[in-house]
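Heads up: the structure comes next, in structure tokens.
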Amino acid sequence: MSTIERNKMTTTIDTSLYSELFDKLQSEIILPSNILQKKQNAIKQFELLGLPNMKNEEWKNTYLAKYLKKGFQPGVVKKDSSKLEIITEILPPLTENTNRIVLIDGLFSQELSQIHSSIQFNIFSTSHCWSENVQNANQLFASQTKDYKQSLTALNTALSQDGMFVEIVEGGSAHIELLIVQTGIDIISMPRNIIHVGRNAYLNIAEQYILLEGHSMINMVSEIFMEENSKIEWVKIQDAGDHCHQIDSNYVSLEKNSRYHCTTLSLTGELLRNQQYIQINGEQAHADLGGIYILEAQQQADNIIAISHNVPNTTSNQLYKGILDDSSSGVFNGKIIVIEDAQKTDAYQSNKNILLSDDAAVFTRPQLEIFADDVKCSHGATSSQIEDYESFYLRSRGIGKELSKSLLMFAFVADVIEEIENVSLREWVKSRISTKLKIDL
Amino acid sequence: MSEQNQILEDLSSSDYKYGFVTNIEQEFAPKGLSEDIIRFISSKKEEPEWMLEWRLKAYKEWQKMEEPQWANVHFPKIDFQDIIYYAAPKQKKELNSLDEVDPELLKTFEKLGISIEEQKRLSGVAMDIVVDSVSVKTTFQKTLKEKGIIFCSMSDAIKNHSELVKKYIGTVVPIKDNYFAALNSAVFSDGSFCYIPKGVKCPMELSTYFRINAAGSGQFERTLLIVDEGGYASYLEGCTAPQRDENQLHAAVVEIIAMDDAEIKYSTVQNWYPGDKDGKGGVYNFVTKRGMCKGKNSKISWTQVETGSAITWKYPSCILAGDNSIGEFYSVAVTNHFQQADTGTKMIHIGKNSKSRIVSKGISIGKSQNTYRGLVKVHKKAENARNFSQCDSLLMGNRCGAHTFPYIEVDNRSAKVEHEATTSKISEDILFYCQQRGIDSEQAVAMIVNGFCKEVMDNLPMEFAVEARKLLNISLEGSVG
């Protein structure tokens, strides 16, 4: 890219609009003082940082302004009950023992969400927490994100109207199906989720997006707090059509012995950006991140990861696999940070890509920043195409050209799927991938 | 083993072996940088008009630029007006043979372990020695001349081979390339120039030895190496500086060009003064090195052993423009005490079937920081490009850091790119294995480190391999326990 082109691409979009909106929002919604204070700090931080542009190392290959220019703006989302009926019809059937949370354009839908009453967990909307002043939720709000210089996250902190608050009590467990429904408005929806998993508690989340019509942009932020011995299994499926733009950030803190496992499937969408910022603060804690992106046309998937090992004896594992066709592109920016004295850290990182077309591109930056000596850290990255001899092996055994290609692609991503421990989540992922690759398992 | 033991013992007491100042008469330019200084340097070197213009253009560009901040190194801001941009040993008359070289200077080289006479007889290495930016003596001129090889100082080349220099200078590293390259283009005082004509395989290793001698001076040398069709050259570069408290700046530019079927092997052993145990002093080594595989089937191989300098900031790169061209990068970077190194390579694949291989070994000791930063870029037209990268880091001590920032950008599906990196310390079980066989821990560490770096060391020419191993052992000293 020439300098001129680059300069053009870094032209910033006017951010004053966002600040004005914040003032408007503030006058409409009554917030407890501590939340208001946090939101004010966040808008100040956003004004300082501005929208990310390509000069920002993490956004080097992602041209956000291009997507914003499609007409997306920040705004105040109003509840629209006229679409409830249509949405109800397209929602997938609910499985037993599962709690359903539906966010419509970033607002928690009381009508469509189905939450069992249980002493094991509390699930509220974030706006409920603010109006009823739920202490735990309000204290946790923005307590992790404030330390990161992420402008879109700051914007979410400032402008978010709603989201989900999930609290699993000590020893409890919950299954959640999170449905993020976008009705096709121009307003960027900014749901804000707070998840607090108590000691010895377990949570699994199956998350997917649904787009009713038109296009949508979403900037979702989740703050996750994991206490001792807790465990989270989370699967995110992004497959809501070509007109989706999703920026999804998870901020996770792990205490002793806790395990966090998140798998992201980026299947369709014009911009699918997944950011995971993980702080491992307790010994023997483990973070496991998996990702599969299978893209075509002009789609782009970004996986931005930063795992910070802050105490000794912790482990982490990243495994991301991508298959890119047409003019699609994949960005992987994985970082492992091992701070001083965080000895006996074991951290692995792997990003493998297959390019199917001449116009597809992959940008991968697996990074290590190590400040302790007694560690084992490694990373690997590859890029290649499907080799002729591989498909020859299958075709010489009577398998057709298309199917042999699909089988090889499935095999390529299979190890990410196998990492998922929860059987129903794993089967769900498997079926979505096989549908995508048009193979019958 | 006894030999290795001896080496360690010899060296374990010494701090920095090359920390001496030679009292030879020197000629300085006044401190500071301005157009006048550039004119002064240019006229001192009796340069043609176009060279002066080129320098002034670079100076103007440099003034517009900002010092880069992205590297993973930290140092106080450099005052570019507090540097002497030209310091030369005073030359009273033309020298015809080595006997006429200042005897003090000859002693310097003996102390460095490079007795010119001995080199001349035994190893057949042609040497160009650069002290404080001025080339003092080029040995073996005649033998090379018979083959049609031009190997001389940059200033001689500008005078005598003006056309060649004019044609190639700045083509691989343009003056606007980066801050330090622009600075170098404006004020470079000397360096080496080499041209290998078509079909000539250079019969001996070409070598340059750089030494910063004067206090408060920066060394800005410029090397230009061109190997024409079917030629071959192996080039060695060694660097030392005396021990001084203030930081000395070294901002060199190296440009190498390989035409069709040409092969160039460029080896560096860098041992500038790294500063003392408290991180005081040392050389800032900000170097731009780039090779262009211009022709088909050309090959450029960079090998570097970096043990010195307070701060190293360099990325010897290859632009693989020719079809079937090959780029290689082998590096060992050792940092001790408060040293910082941010080094790596760029492999830009443009030609079809171009191949590259990166092997980088970083060793951090004490409170040092060692960074690998690299880029592998496969352009759309680079069919069947192939890259393999491996960067391993070894950590010794719990206050040092090792960082890896590889960038991989692939725009062509037929490209095969592999990258792997590991970071670890010397494992207890390997140490235990050695120790239970009667090898003490210090020896065991030296052995393991030598093994860790073997792949790179094997790529060094004989003369350098011995020196590099010794340097490695000095740097390791005191790092165990």
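Going by the structure tokens order, chains are called A, B, ..., each with residues numbered from 1, while ligands are numbered from 1 in the order shown.
Residues in contact with Arg357 (chain B) at up to 9 Å, not including ones fewer than 5 positions away on its chain and judged by only C-alpha atoms, are Ile326, Gly327, Glu328, Phe329, Tyr330, Met347, Arg386, Asn387, Phe388, Ser389 and Gln390 of chain B.
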Within 8 Å of chain B, which residues belong to chain A? Use only C-alpha atoms and report them as an MDAnalysis selection string. chainID A and resid 340:341 354:385
Neighbouring residues of region 51-67 of chain B were defined as those with any atom within 10 Å, considering only C-alpha atoms; residues of the same chain fewer than 5 positions away were excluded. Please report them as an MDAnalysis selection string. chainID B and resid 33:36 38:43 46 77:78 158 162 165:166 169:170 174:188
For those residues, write N, CA and C atoms to a file as a compact mmCIF listing (two decimals), in the first residue's frame.
```txt
# COMPACT_ATOMS: atom_id res chain seq x y z
N LEU B 33 25.91 19.13 13.41
CA LEU B 33 25.52 18.79 12.04
C LEU B 33 24.86 19.99 11.38
N SER B 34 25.34 20.34 10.22
CA SER B 34 24.75 21.43 9.45
C SER B 34 25.14 21.21 8.01
N GLU B 35 24.63 22.02 7.13
CA GLU B 35 25.00 21.91 5.72
C GLU B 35 26.50 22.11 5.55
N ASP B 36 27.05 23.01 6.38
CA ASP B 36 28.48 23.29 6.27
C ASP B 36 29.33 22.07 6.59
N ILE B 38 28.45 19.03 6.19
CA ILE B 38 28.36 18.09 5.07
C ILE B 38 29.27 18.54 3.93
N ARG B 39 29.26 19.84 3.67
CA ARG B 39 30.17 20.38 2.65
C ARG B 39 31.62 20.12 3.04
N PHE B 40 31.90 20.26 4.34
CA PHE B 40 33.26 20.03 4.84
C PHE B 40 33.68 18.57 4.59
N ILE B 41 32.79 17.65 4.97
CA ILE B 41 33.11 16.23 4.77
C ILE B 41 33.34 15.95 3.30
N SER B 42 32.43 16.47 2.49
CA SER B 42 32.49 16.21 1.06
C SER B 42 33.78 16.76 0.44
N SER B 43 34.15 17.96 0.84
CA SER B 43 35.34 18.55 0.25
C SER B 43 36.60 17.86 0.77
N GLU B 46 37.23 15.11 -1.26
CA GLU B 46 37.38 15.49 -2.68
C GLU B 46 36.34 14.81 -3.55
N LYS B 77 17.25 10.45 24.67
CA LYS B 77 17.25 11.05 23.35
C LYS B 77 18.67 11.40 22.90
N ILE B 78 18.95 11.14 21.65
CA ILE B 78 20.28 11.43 21.13
C ILE B 78 20.34 12.90 20.73
N ILE B 158 34.20 6.50 -4.95
CA ILE B 158 33.52 7.70 -5.45
C ILE B 158 34.44 8.46 -6.40
N SER B 162 33.29 6.40 -10.12
CA SER B 162 32.15 7.28 -9.89
C SER B 162 30.87 6.77 -10.54
N VAL B 165 29.26 3.79 -8.62
CA VAL B 165 28.68 4.23 -7.34
C VAL B 165 27.39 4.98 -7.61
N LYS B 166 27.45 5.88 -8.59
CA LYS B 166 26.29 6.71 -8.90
C LYS B 166 25.10 5.84 -9.32
N ILE B 169 24.25 3.44 -5.72
CA ILE B 169 24.07 3.93 -4.34
C ILE B 169 22.62 4.41 -4.14
N GLY B 170 22.05 4.01 -3.05
CA GLY B 170 20.68 4.44 -2.75
C GLY B 170 19.60 3.67 -3.49
N PRO B 174 16.96 3.60 -0.15
CA PRO B 174 16.84 4.99 -0.61
C PRO B 174 17.10 5.96 0.53
N ILE B 175 17.44 7.19 0.17
CA ILE B 175 17.79 8.13 1.24
C ILE B 175 16.63 8.38 2.20
N LYS B 176 15.43 8.25 1.70
CA LYS B 176 14.27 8.51 2.57
C LYS B 176 13.85 7.28 3.36
N ASP B 177 14.56 6.19 3.20
CA ASP B 177 14.12 4.91 3.77
C ASP B 177 13.76 4.99 5.24
N ASN B 178 14.66 5.47 6.05
CA ASN B 178 14.34 5.67 7.46
C ASN B 178 15.24 6.75 8.02
N TYR B 179 14.96 7.12 9.25
CA TYR B 179 15.64 8.23 9.90
C TYR B 179 17.16 8.09 9.89
N PHE B 180 17.61 6.91 10.30
CA PHE B 180 19.05 6.73 10.44
C PHE B 180 19.73 6.53 9.08
N ALA B 181 18.99 5.96 8.13
CA ALA B 181 19.56 5.80 6.78
C ALA B 181 19.72 7.17 6.14
N ALA B 182 18.76 8.06 6.37
CA ALA B 182 18.85 9.42 5.83
C ALA B 182 20.04 10.15 6.44
N LEU B 183 20.21 9.98 7.76
CA LEU B 183 21.33 10.62 8.45
C LEU B 183 22.64 10.11 7.86
N ASN B 184 22.72 8.79 7.70
CA ASN B 184 23.92 8.19 7.14
C ASN B 184 24.19 8.73 5.74
N SER B 185 23.14 8.81 4.92
CA SER B 185 23.33 9.28 3.55
C SER B 185 23.91 10.69 3.52
N ALA B 186 23.54 11.48 4.51
CA ALA B 186 24.02 12.86 4.55
C ALA B 186 25.47 12.94 4.99
N VAL B 187 25.85 12.14 5.97
CA VAL B 187 27.16 12.37 6.61
C VAL B 187 28.14 11.21 6.49
N PHE B 188 27.79 10.17 5.73
CA PHE B 188 28.70 9.01 5.73
C PHE B 188 30.10 9.45 5.33
```
May I have the residues within 7 Å of Ser331 (chain B) as a short mmCIF file (atom, residue, chain, number, x, y, z; two decimals) with N, CA and C atoms, in the first residue's frame, using only C-alpha atoms and disregarding those fewer than 3 positions away in the same chain?
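around-v9.cif was written with the following content:
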```
data_model
loop_
_atom_site.label_atom_id
_atom_site.label_comp_id
_atom_site.auth_asym_id
_atom_site.auth_seq_id
_atom_site.Cartn_x
_atom_site.Cartn_y
_atom_site.Cartn_z
N THR B 303 24.58 -13.65 7.74
CA THR B 303 24.86 -14.36 8.99
C THR B 303 25.36 -13.33 9.98
N GLN B 304 24.81 -13.29 11.14
CA GLN B 304 25.30 -12.31 12.09
C GLN B 304 25.43 -12.88 13.49
N VAL B 305 26.49 -12.46 14.16
CA VAL B 305 26.66 -12.79 15.57
C VAL B 305 26.74 -11.46 16.29
N VAL B 359 16.73 -18.27 10.54
CA VAL B 359 17.05 -18.97 11.78
C VAL B 359 17.60 -17.93 12.74
N SER B 360 16.87 -17.67 13.79
CA SER B 360 17.30 -16.63 14.72
C SER B 360 17.38 -17.20 16.13
N LYS B 361 18.51 -16.99 16.77
CA LYS B 361 18.67 -17.50 18.13
C LYS B 361 18.98 -16.32 19.04
N VAL B 456 23.64 -21.60 13.32
CA VAL B 456 24.07 -20.31 12.81
C VAL B 456 25.59 -20.28 12.67
#
```
Neighbours of region 267-277 of chain A within 6 Å (only C-alpha atoms; same-chain residues fewer than 3 positions away dropped), as a ChimeraX atom specification? /A:238-239,241-251,293-294,299-306
Keeping only C-alpha atoms, take the residues you just selected and write them out as a PDB file, in the first residue's frame.
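What ended up in selection.pdb:
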```pdb
ATOM      1  CA  GLN A 238     -20.903 -15.835  13.839  1.00  0.00           C
ATOM      2  CA  ASP A 239     -22.978 -16.887  10.883  1.00  0.00           C
ATOM      3  CA  GLY A 241     -25.004 -13.373   6.671  1.00  0.00           C
ATOM      4  CA  ASP A 242     -22.767 -11.082   4.693  1.00  0.00           C
ATOM      5  CA  HIS A 243     -24.164  -7.833   6.024  1.00  0.00           C
ATOM      6  CA  CYS A 244     -23.034  -8.336   9.593  1.00  0.00           C
ATOM      7  CA  HIS A 245     -20.284  -6.352  11.234  1.00  0.00           C
ATOM      8  CA  GLN A 246     -19.348  -7.628  14.635  1.00  0.00           C
ATOM      9  CA  ILE A 247     -16.753  -6.393  17.038  1.00  0.00           C
ATOM     10  CA  ASP A 248     -16.807  -8.600  20.066  1.00  0.00           C
ATOM     11  CA  SER A 249     -14.483  -8.130  23.008  1.00  0.00           C
ATOM     12  CA  ASN A 250     -14.127 -10.392  26.012  1.00  0.00           C
ATOM     13  CA  TYR A 251     -12.201  -9.214  29.028  1.00  0.00           C
ATOM     14  CA  TYR A 293     -12.701 -18.944  10.318  1.00  0.00           C
ATOM     15  CA  ILE A 294     -13.971 -20.144   6.980  1.00  0.00           C
ATOM     16  CA  GLN A 299     -15.290 -11.201   4.337  1.00  0.00           C
ATOM     17  CA  GLN A 300     -12.738 -10.459   6.977  1.00  0.00           C
ATOM     18  CA  ALA A 301     -12.127 -12.120  10.322  1.00  0.00           C
ATOM     19  CA  ASP A 302      -9.791 -10.715  12.946  1.00  0.00           C
ATOM     20  CA  ASN A 303      -8.699 -12.531  16.033  1.00  0.00           C
ATOM     21  CA  ILE A 304      -6.938 -10.286  18.484  1.00  0.00           C
ATOM     22  CA  ILE A 305      -5.687 -11.995  21.614  1.00  0.00           C
ATOM     23  CA  ALA A 306      -3.609 -10.869  24.540  1.00  0.00           C
TER      24      ALA A 306
END
```
Neighbours of region 27-33 of chain A within 12 Å (only C-alpha atoms; same-chain residues fewer than 2 positions away dropped), as an MDAnalysis selection string? chainID A and resid 20:25 35:40 76:78 126:135 137:139 141 158:162
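Proximity of B:Ser189, B:Tyr195, B:Ser301, B:Lys201 to His161 (chain B), computed with only C-alpha atoms, is greatest for B:Tyr195.
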So which residues touch Glu427 (chain A) within 9 Å, counting only C-alpha atoms, skipping near sequence neighbours fewer than 5 positions away, as number ranges by chain? A: 417, 422, 432
Ranking B:Phe220, B:Phe193, B:Tyr232, B:Phe80 by minimum distance to Glu205 (chain B) and counting only C-alpha atoms, which one comes first? B:Tyr232
For Ile224 (chain A), which of A:Ser327, A:Asn257, A:Gln349, A:Gln144 is the closest residue, counting only C-alpha atoms?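 Using only C-alpha atoms, Ile224 (chain A) sits closest to A:Gln144.
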Can you tell me, as a ChimeraX atom specification, which residues in region 181-417 of chain B count as strand (DSSP E) by DSSP? /B:192-196,206-211,222-227,232-240,247-250,253-258,263-271,282-293,299-306,311-314,317-320,326-335,340-343,346-349,355-365,369-378,386-396,401-410,416-417
Using backbone DSSP assignments, extract all helix (DSSP H, G or I) residues from region 157-359 of chain B; output them as a list in words.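 Helix (DSSP H, G or I) assignments inside region 157-359 of chain B correspond to Ala157, Ile158, Lys159, Asn160, Ser162, Glu163, Leu164, Val165, Lys166, Lys167, Tyr168, Tyr179, Phe180, Ala181, Ala182, Leu183, Asn184, Ser185, Ala186 and Val187 of chain B.
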One decimal, in Å: what's the spacing between CA of Asn219 (chain A) and CA of Asn156 (chain A)? 6.9 Å
Among the residues B:Leu164, B:Ala341, B:Ile350, B:Ile300, the one that comes closest to Ala71 (chain B) [using only C-alpha atoms]: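 Smallest distance to Ala71 (chain B) is found for B:Ala341.
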